[in-house]
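Below is entry-v4.txt, which holds compact mmCIF, C-alpha atoms.
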# COMPACT_ATOMS: atom_id res chain seq x y z
CA MET A 1278 33.75 37.03 -58.36
CA ARG A 1279 34.07 35.49 -54.93
CA ILE A 1280 34.02 31.85 -53.83
CA ARG A 1281 32.36 30.73 -50.63
CA THR A 1282 30.56 27.73 -49.19
CA SER A 1283 26.97 27.43 -50.28
CA THR A 1284 24.02 28.18 -48.08
CA SER A 1285 21.01 25.93 -47.64
CA GLU A 1286 18.74 28.65 -49.05
CA GLU A 1287 20.51 28.65 -52.41
CA LEU A 1288 20.38 24.89 -53.04
CA PRO A 1289 17.47 25.29 -55.52
CA VAL A 1290 19.65 27.79 -57.39
CA LEU A 1291 22.36 25.13 -57.68
CA GLN A 1292 19.81 22.86 -59.33
CA ASP A 1293 18.89 25.67 -61.73
CA ILE A 1294 22.56 26.24 -62.57
CA GLU A 1295 23.04 22.55 -63.35
CA ARG A 1296 19.93 22.40 -65.52
CA ALA A 1297 21.00 25.48 -67.48
CA ALA A 1298 24.60 24.24 -67.84
CA GLY A 1299 23.37 20.85 -69.00
CA LEU A 1300 21.44 22.28 -71.93
CA CYS A 1301 24.62 22.71 -73.97
CA PHE A 1302 24.88 18.91 -74.15
CA ARG A 1303 21.80 18.97 -76.37
CA ASP A 1304 23.81 20.96 -78.94
CA ILE A 1305 26.24 18.04 -79.33
CA GLY A 1306 23.66 15.26 -79.47
CA MET A 1307 23.82 14.22 -75.83
CA ASP A 1308 20.13 14.81 -75.07
CA GLU A 1309 20.07 12.25 -72.26
CA VAL A 1310 22.74 14.22 -70.41
CA ALA A 1311 20.89 17.48 -71.04
CA ASP A 1312 17.68 15.94 -69.71
CA ASP A 1313 19.26 14.40 -66.60
CA GLU A 1314 17.92 15.91 -63.43
CA PRO A 1315 20.39 17.49 -60.98
CA LEU A 1316 20.94 16.07 -57.53
CA SER A 1317 17.94 16.37 -55.25
CA LEU A 1318 17.74 19.10 -52.63
CA GLU A 1319 18.26 16.42 -50.00
CA GLU A 1320 21.47 15.22 -51.69
CA LEU A 1321 22.75 18.77 -52.18
CA SER A 1322 21.89 19.52 -48.55
CA ARG A 1323 24.16 16.68 -47.41
CA TYR A 1324 27.07 18.26 -49.33
CA GLN A 1325 26.24 21.70 -48.00
CA ARG A 1326 25.98 20.56 -44.36
CA ALA A 1327 29.29 18.66 -44.69
CA GLY A 1328 31.02 21.82 -45.96
CA ARG A 1329 31.70 20.24 -49.36
CA ALA A 1330 29.63 22.56 -51.58
CA TRP A 1331 31.08 25.82 -52.90
CA VAL A 1332 29.67 28.56 -55.06
CA ALA A 1333 31.20 31.27 -57.18
CA VAL A 1334 29.12 34.40 -56.67
CA ASP A 1335 28.82 37.69 -58.50
CA GLU A 1336 29.06 41.16 -56.97
CA ALA A 1337 25.46 40.84 -55.74
CA ASP A 1338 26.34 37.55 -53.98
CA ARG A 1339 24.27 35.50 -56.46
CA ALA A 1340 25.57 32.03 -57.28
CA MET A 1341 26.71 31.65 -60.89
CA ALA A 1342 28.51 28.31 -60.53
CA TYR A 1343 28.97 25.56 -58.00
CA LEU A 1344 31.22 22.64 -57.16
CA ILE A 1345 30.64 19.71 -54.81
CA THR A 1346 33.20 17.19 -53.63
CA ASP A 1347 33.56 13.78 -52.04
CA PRO A 1348 36.56 12.28 -50.27
CA VAL A 1349 37.69 9.34 -52.42
CA ASP A 1350 40.74 7.23 -51.60
CA GLY A 1351 42.54 10.03 -49.75
CA ASN A 1352 41.92 12.63 -52.46
CA ILE A 1353 39.24 15.22 -53.11
CA HIS A 1354 36.94 14.04 -55.87
CA ILE A 1355 34.99 16.69 -57.77
CA GLU A 1356 31.56 15.11 -57.93
CA GLN A 1357 29.97 17.95 -59.88
CA ILE A 1358 30.97 21.32 -61.24
CA SER A 1359 28.47 23.44 -63.13
CA VAL A 1360 28.71 26.98 -64.45
CA HIS A 1361 25.61 28.84 -65.58
CA PRO A 1362 25.90 29.57 -69.33
CA ASP A 1363 25.56 33.31 -68.63
CA SER A 1364 28.85 33.12 -66.70
CA ALA A 1365 30.66 30.63 -68.95
CA ARG A 1366 34.03 31.28 -70.56
CA ARG A 1367 35.12 33.71 -67.87
CA GLY A 1368 37.33 31.39 -65.81
CA VAL A 1369 34.66 30.78 -63.17
CA GLY A 1370 34.94 26.99 -63.27
CA ARG A 1371 38.72 27.14 -63.23
CA ALA A 1372 38.58 29.50 -60.23
CA LEU A 1373 36.39 27.03 -58.34
CA ILE A 1374 38.81 24.21 -59.12
CA ASP A 1375 41.81 26.33 -58.09
CA HIS A 1376 40.02 27.20 -54.85
CA ILE A 1377 39.48 23.52 -54.05
CA ALA A 1378 43.09 22.74 -54.98
CA ALA A 1379 44.31 25.41 -52.54
CA ARG A 1380 42.10 23.97 -49.79
CA ALA A 1381 43.45 20.49 -50.59
CA ALA A 1382 47.01 21.77 -50.33
CA ASP A 1383 46.26 23.42 -46.98
CA ASP A 1384 44.78 20.14 -45.71
CA GLY A 1385 47.66 17.98 -47.02
CA VAL A 1386 45.45 16.21 -49.56
CA PRO A 1387 47.64 14.95 -52.45
CA ALA A 1388 45.27 15.36 -55.41
CA LEU A 1389 41.96 16.29 -56.94
CA THR A 1390 40.17 13.74 -59.10
CA LEU A 1391 37.14 13.82 -61.37
CA THR A 1392 35.42 11.78 -64.03
CA THR A 1393 34.37 13.38 -67.29
CA PHE A 1394 33.53 12.94 -70.95
CA VAL A 1395 36.50 12.41 -73.29
CA ASP A 1396 35.08 14.02 -76.42
CA VAL A 1397 33.30 17.06 -74.99
CA ALA A 1398 35.37 20.22 -75.46
CA TRP A 1399 34.45 21.71 -72.08
CA ASN A 1400 35.18 18.42 -70.28
CA ALA A 1401 38.40 16.34 -70.53
CA PRO A 1402 40.16 18.59 -73.09
CA TYR A 1403 39.40 21.66 -70.97
CA TYR A 1404 40.47 20.06 -67.69
CA ALA A 1405 43.75 18.95 -69.26
CA ALA A 1406 44.59 22.19 -71.07
CA ARG A 1407 43.31 24.75 -68.56
CA CYS A 1408 43.12 23.14 -65.14
CA GLY A 1409 46.19 20.91 -64.80
CA PHE A 1410 44.47 17.51 -64.85
CA ARG A 1411 45.84 14.43 -66.55
CA THR A 1412 43.99 11.33 -67.67
CA LEU A 1413 44.59 8.29 -65.49
CA THR A 1414 45.39 4.95 -67.04
CA GLU A 1415 43.24 1.96 -66.14
CA ALA A 1416 46.08 0.70 -63.90
CA GLU A 1417 46.11 4.01 -61.98
CA LEU A 1418 42.45 3.88 -61.02
CA THR A 1419 41.88 3.55 -57.29
CA PRO A 1420 39.11 1.34 -55.90
CA GLY A 1421 36.95 4.38 -55.23
CA LEU A 1422 37.34 5.69 -58.78
CA ARG A 1423 36.50 2.26 -60.16
CA GLU A 1424 33.31 2.27 -58.08
CA ILE A 1425 32.40 5.75 -59.33
CA ARG A 1426 32.87 4.57 -62.93
CA ARG A 1427 30.71 1.50 -62.22
CA CYS A 1428 27.93 3.72 -60.84
CA GLU A 1429 28.20 6.08 -63.81
CA ALA A 1430 27.87 3.14 -66.19
CA GLY A 1431 24.77 2.02 -64.30
CA HIS A 1432 23.38 5.51 -64.79
CA GLY A 1433 23.92 5.25 -68.57
CA LEU A 1434 26.93 7.52 -68.82
CA ALA A 1435 29.13 4.80 -70.34
CA ARG A 1436 27.29 5.37 -73.62
CA TRP A 1437 29.92 8.06 -74.29
CA PRO A 1438 33.66 7.66 -73.62
CA ARG A 1439 34.60 8.78 -70.12
CA VAL A 1440 37.85 9.04 -68.21
CA CYS A 1441 39.11 9.59 -64.71
CA MET A 1442 41.47 12.52 -64.32
CA ARG A 1443 43.82 13.67 -61.57
CA ARG A 1444 45.43 16.96 -60.62
CA ASP A 1445 48.28 16.63 -58.17
CA VAL A 1446 48.26 19.26 -55.45
CA PRO A 1447 51.66 20.84 -54.73
Write-out of the structure in structure tokens:
Amino acid sequence: MRIRTSTSEELPVLQDIERAAGLCFRDIGMDEVADDEPLSLEELSRYQRAGRAWVAVDEADRAMAYLITDPVDGNIHIEQISVHPDSARRGVGRALIDHIAARAADDGVPALTLTTFVDVAWNAPYYAARCGFRTLTEAELTPGLREIRRCEAGHGLARWPRVCMRRDVP
């Protein structure tokens, strides 16, 4: 596995990865999440052109997972991370996160943040146990994270418990 920035030609593949990864939400009764469409090609293109879209690729240089980020309140916010089910449970997602953490450290960025579902095994519990994130208290939320949570609620994601998490970068 290798991690590199995404190319514009593979943006449709990123959408396919997200759709496939989202299907597992159906298995736990979160059909609305499973049915949610990925970001548009135009939106993904903005991330790609800004250098904020990374892919984990196999030995044939085919994307099997991706991660996109936004700068939020001086930190790197993981906007989306998706691993194709065929590549799941192999440390691919963790490798993407570790790659971004190393880049953050090189750039002097203090932390990574993300928002995620509390009760989904491959979300908050995974990020805490395997990736070094901790749940932020309400008092620790920055203005940018509060805005992200507000937008998520407007998109219907507040139907299930969600949290903001942070991983300090050494």
(request) Just the residues within 9 Å of Val1440 in chain A, please, counting all atoms listed in the file, with nothing from its chain fewer than 3 positions along; format it as an MDAnalysis selection string. (result) chainID A and resid 1391:1395 1401 1412:1414 1426
Write out as JSON, numbers by chain each polymer residue whose atoms come within 12 Å of Ile1305 in chain A, counting only C-alpha atoms; drop sequence neighbours fewer than 4 positions from it.
{"A": [1299, 1300, 1301, 1309, 1310, 1311, 1396, 1397, 1398, 1399, 1437]}
Restricting to only C-alpha atoms, whichever of A:Pro1402, A:Gly1351, A:Gly1385, A:Pro1420 is closest to Met1442 in chain A is A:Pro1402
(Q) With 12 Å as the threshold, what does the neighbourhood of (56.8, 20.8, -53.9) contain in terms of residues, counting only C-alpha atoms? Coordinates are those of the file; answer as a list in words. (A) Ala1382, Gly1385, Pro1387, Asp1445, Val1446 and Pro1447 of chain A
Exercise for the section: Tell me, in Å to one decimal, how far CA of Glu1319 in chain A is from CA of Val1369 in chain A. Expected result: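 CA of Val1369 in chain A lies 25.5 Å from CA of Glu1319 in chain A.
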- Message: Considering all atoms listed in the file, can you say which of A:Leu1321, A:Met1307, A:Ile1294, A:Ala1435 comes closest to Asp1347 in chain A?
- Response: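 Between A:Leu1321, A:Met1307, A:Ile1294, A:Ala1435, the residue approaching Asp1347 in chain A most closely is A:Leu1321.
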Note to self: Would you pick out the contacts of Ile1355 in chain A at 10 Å or less, using only C-alpha atoms, so that residues sharing its chain but fewer than 5 positions from it are not included, and give the list as an MDAnalysis selection string?
What the structure shows: chainID A and resid 1329 1344:1349 1374 1377 1389:1392
Select, from A:Asn1400, A:Cys1408, A:His1376, A:Asp1293, the residue with the minimum atom-to-atom distance to Met1341 in chain A, counting only C-alpha atoms.
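Of the candidates, the smallest distance to Met1341 in chain A is held by A:Asp1293.
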Next item on the list: Give as a PyMOL selection string each residue that has an atom at most 6 Å from (46.3, 21.5, -62.0) in the file, counting only C-alpha atoms.
Entry: chain A and resi 1408-1410+1444
Can you spit out the residues from that selection as a JSON list (two decimals), keeping the file's coordinate frame, using C-alpha atoms?
[["chain", "number", "residue", "atom", "x", "y", "z"],
["A", 1408, "CYS", "CA", 43.12, 23.14, -65.14],
["A", 1409, "GLY", "CA", 46.19, 20.91, -64.80],
["A", 1410, "PHE", "CA", 44.47, 17.51, -64.85],
["A", 1444, "ARG", "CA", 45.43, 16.96, -60.62]]
- So which residues touch Arg1279 in chain A within 8 Å, counting only C-alpha atoms, skipping near sequence neighbours fewer than 2 positions away, as a VMD selection string? chain A and resid 1281 1333 to 1336
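For the set A:Val1332, A:Leu1316, A:Ala1297, A:Ala1430, the residue with the smallest atom-to-atom gap to Thr1284 in chain A is A:Val1332, counting all atoms listed in the file.
Interatomic distance, CA of Leu1422 in chain A against CA of Glu1356 in chain A: 11.1 Å.
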Judged by only C-alpha atoms, the minimum distance to Gln1292 in chain A among A:Ile1358, A:Asp1338, A:Ile1280, A:Ala1406 is found for A:Ile1358
The centre and edge lengths of an axis-aligned box containing all atoms of range 1398-1415 of chain A present in the file, extended by 8 Å on each side, are to be given in Å to one decimal, as lines of an AutoDock Vina configuration file.
center_x = 40.3
center_y = 13.4
center_z = -70.1
size_x = 27.7
size_y = 38.8
size_z = 26.7
Got a moment to write range 1369-1409 of chain A out with N, CA and C atoms, as a short mmCIF file (atom, residue, chain, number, x, y, z; two decimals), in the first residue's frame?
data_model
loop_
_atom_site.label_atom_id
_atom_site.label_comp_id
_atom_site.auth_asym_id
_atom_site.auth_seq_id
_atom_site.Cartn_x
_atom_site.Cartn_y
_atom_site.Cartn_z
N VAL A 1369 -5.74 0.24 6.49
CA VAL A 1369 -5.65 1.25 5.43
C VAL A 1369 -6.10 2.62 5.93
N GLY A 1370 -7.24 2.66 6.61
CA GLY A 1370 -7.73 3.93 7.14
C GLY A 1370 -6.77 4.53 8.16
N ARG A 1371 -6.26 3.68 9.03
CA ARG A 1371 -5.30 4.15 10.04
C ARG A 1371 -4.05 4.69 9.36
N ALA A 1372 -3.60 4.02 8.29
CA ALA A 1372 -2.41 4.50 7.57
C ALA A 1372 -2.66 5.88 6.96
N LEU A 1373 -3.84 6.10 6.41
CA LEU A 1373 -4.17 7.42 5.87
C LEU A 1373 -4.14 8.47 6.98
N ILE A 1374 -4.73 8.15 8.11
CA ILE A 1374 -4.74 9.10 9.23
C ILE A 1374 -3.32 9.37 9.72
N ASP A 1375 -2.51 8.33 9.85
CA ASP A 1375 -1.13 8.52 10.28
C ASP A 1375 -0.34 9.37 9.27
N HIS A 1376 -0.63 9.19 8.00
CA HIS A 1376 0.03 9.98 6.96
C HIS A 1376 -0.31 11.47 7.13
N ILE A 1377 -1.59 11.75 7.36
CA ILE A 1377 -2.01 13.14 7.55
C ILE A 1377 -1.43 13.71 8.84
N ALA A 1378 -1.35 12.89 9.88
CA ALA A 1378 -0.75 13.34 11.14
C ALA A 1378 0.72 13.70 10.94
N ALA A 1379 1.44 12.91 10.16
CA ALA A 1379 2.85 13.20 9.90
C ALA A 1379 3.00 14.50 9.11
N ARG A 1380 2.12 14.70 8.14
CA ARG A 1380 2.14 15.96 7.38
C ARG A 1380 1.84 17.14 8.30
N ALA A 1381 0.86 16.96 9.19
CA ALA A 1381 0.52 18.02 10.14
C ALA A 1381 1.73 18.35 11.01
N ALA A 1382 2.41 17.32 11.50
CA ALA A 1382 3.59 17.55 12.34
C ALA A 1382 4.65 18.32 11.56
N ASP A 1383 4.89 17.93 10.32
CA ASP A 1383 5.88 18.62 9.49
C ASP A 1383 5.51 20.09 9.27
N ASP A 1384 4.22 20.37 9.21
CA ASP A 1384 3.74 21.74 8.96
C ASP A 1384 3.50 22.53 10.25
N GLY A 1385 3.76 21.92 11.41
CA GLY A 1385 3.56 22.61 12.68
C GLY A 1385 2.10 22.76 13.07
N VAL A 1386 1.24 21.93 12.51
CA VAL A 1386 -0.19 21.96 12.85
C VAL A 1386 -0.37 21.15 14.14
N PRO A 1387 -1.07 21.71 15.14
CA PRO A 1387 -1.12 21.05 16.46
C PRO A 1387 -1.99 19.80 16.55
N ALA A 1388 -3.01 19.66 15.68
CA ALA A 1388 -3.93 18.52 15.88
C ALA A 1388 -4.71 18.20 14.62
N LEU A 1389 -5.23 16.98 14.62
CA LEU A 1389 -6.24 16.55 13.66
C LEU A 1389 -7.57 16.54 14.39
N THR A 1390 -8.64 16.87 13.70
CA THR A 1390 -9.98 16.75 14.28
C THR A 1390 -10.87 16.02 13.29
N LEU A 1391 -11.98 15.52 13.80
CA LEU A 1391 -13.00 14.90 12.97
C LEU A 1391 -14.30 14.86 13.75
N THR A 1392 -15.38 14.64 13.05
CA THR A 1392 -16.67 14.39 13.69
C THR A 1392 -17.11 13.00 13.25
N THR A 1393 -17.81 12.30 14.13
CA THR A 1393 -18.13 10.92 13.84
C THR A 1393 -19.28 10.42 14.71
N PHE A 1394 -19.78 9.26 14.36
CA PHE A 1394 -20.86 8.65 15.13
C PHE A 1394 -20.32 7.98 16.39
N VAL A 1395 -21.02 8.18 17.50
CA VAL A 1395 -20.61 7.64 18.80
C VAL A 1395 -20.75 6.12 18.84
N ASP A 1396 -21.88 5.61 18.36
CA ASP A 1396 -22.23 4.21 18.59
C ASP A 1396 -21.95 3.29 17.41
N VAL A 1397 -21.14 3.71 16.48
CA VAL A 1397 -20.79 2.87 15.33
C VAL A 1397 -19.37 2.37 15.57
N ALA A 1398 -19.21 1.05 15.59
CA ALA A 1398 -17.94 0.43 15.99
C ALA A 1398 -16.75 0.94 15.18
N TRP A 1399 -16.94 1.18 13.89
CA TRP A 1399 -15.82 1.62 13.06
C TRP A 1399 -15.72 3.15 13.00
N ASN A 1400 -16.40 3.83 13.90
CA ASN A 1400 -16.32 5.29 14.01
C ASN A 1400 -15.64 5.65 15.33
N ALA A 1401 -16.32 6.35 16.23
CA ALA A 1401 -15.68 6.86 17.45
C ALA A 1401 -14.90 5.80 18.23
N PRO A 1402 -15.46 4.61 18.48
CA PRO A 1402 -14.67 3.61 19.23
C PRO A 1402 -13.36 3.25 18.52
N TYR A 1403 -13.41 3.13 17.21
CA TYR A 1403 -12.22 2.81 16.43
C TYR A 1403 -11.19 3.94 16.50
N TYR A 1404 -11.65 5.18 16.27
CA TYR A 1404 -10.73 6.31 16.29
C TYR A 1404 -10.06 6.47 17.65
N ALA A 1405 -10.78 6.17 18.71
CA ALA A 1405 -10.21 6.28 20.05
C ALA A 1405 -9.21 5.14 20.32
N ALA A 1406 -9.61 3.92 20.02
CA ALA A 1406 -8.78 2.76 20.36
C ALA A 1406 -7.60 2.57 19.42
N ARG A 1407 -7.76 2.88 18.15
CA ARG A 1407 -6.74 2.55 17.15
C ARG A 1407 -5.98 3.73 16.56
N CYS A 1408 -6.54 4.93 16.67
CA CYS A 1408 -5.95 6.05 15.95
C CYS A 1408 -5.53 7.21 16.83
N GLY A 1409 -5.68 7.09 18.14
CA GLY A 1409 -5.19 8.12 19.05
C GLY A 1409 -6.05 9.35 19.22
#
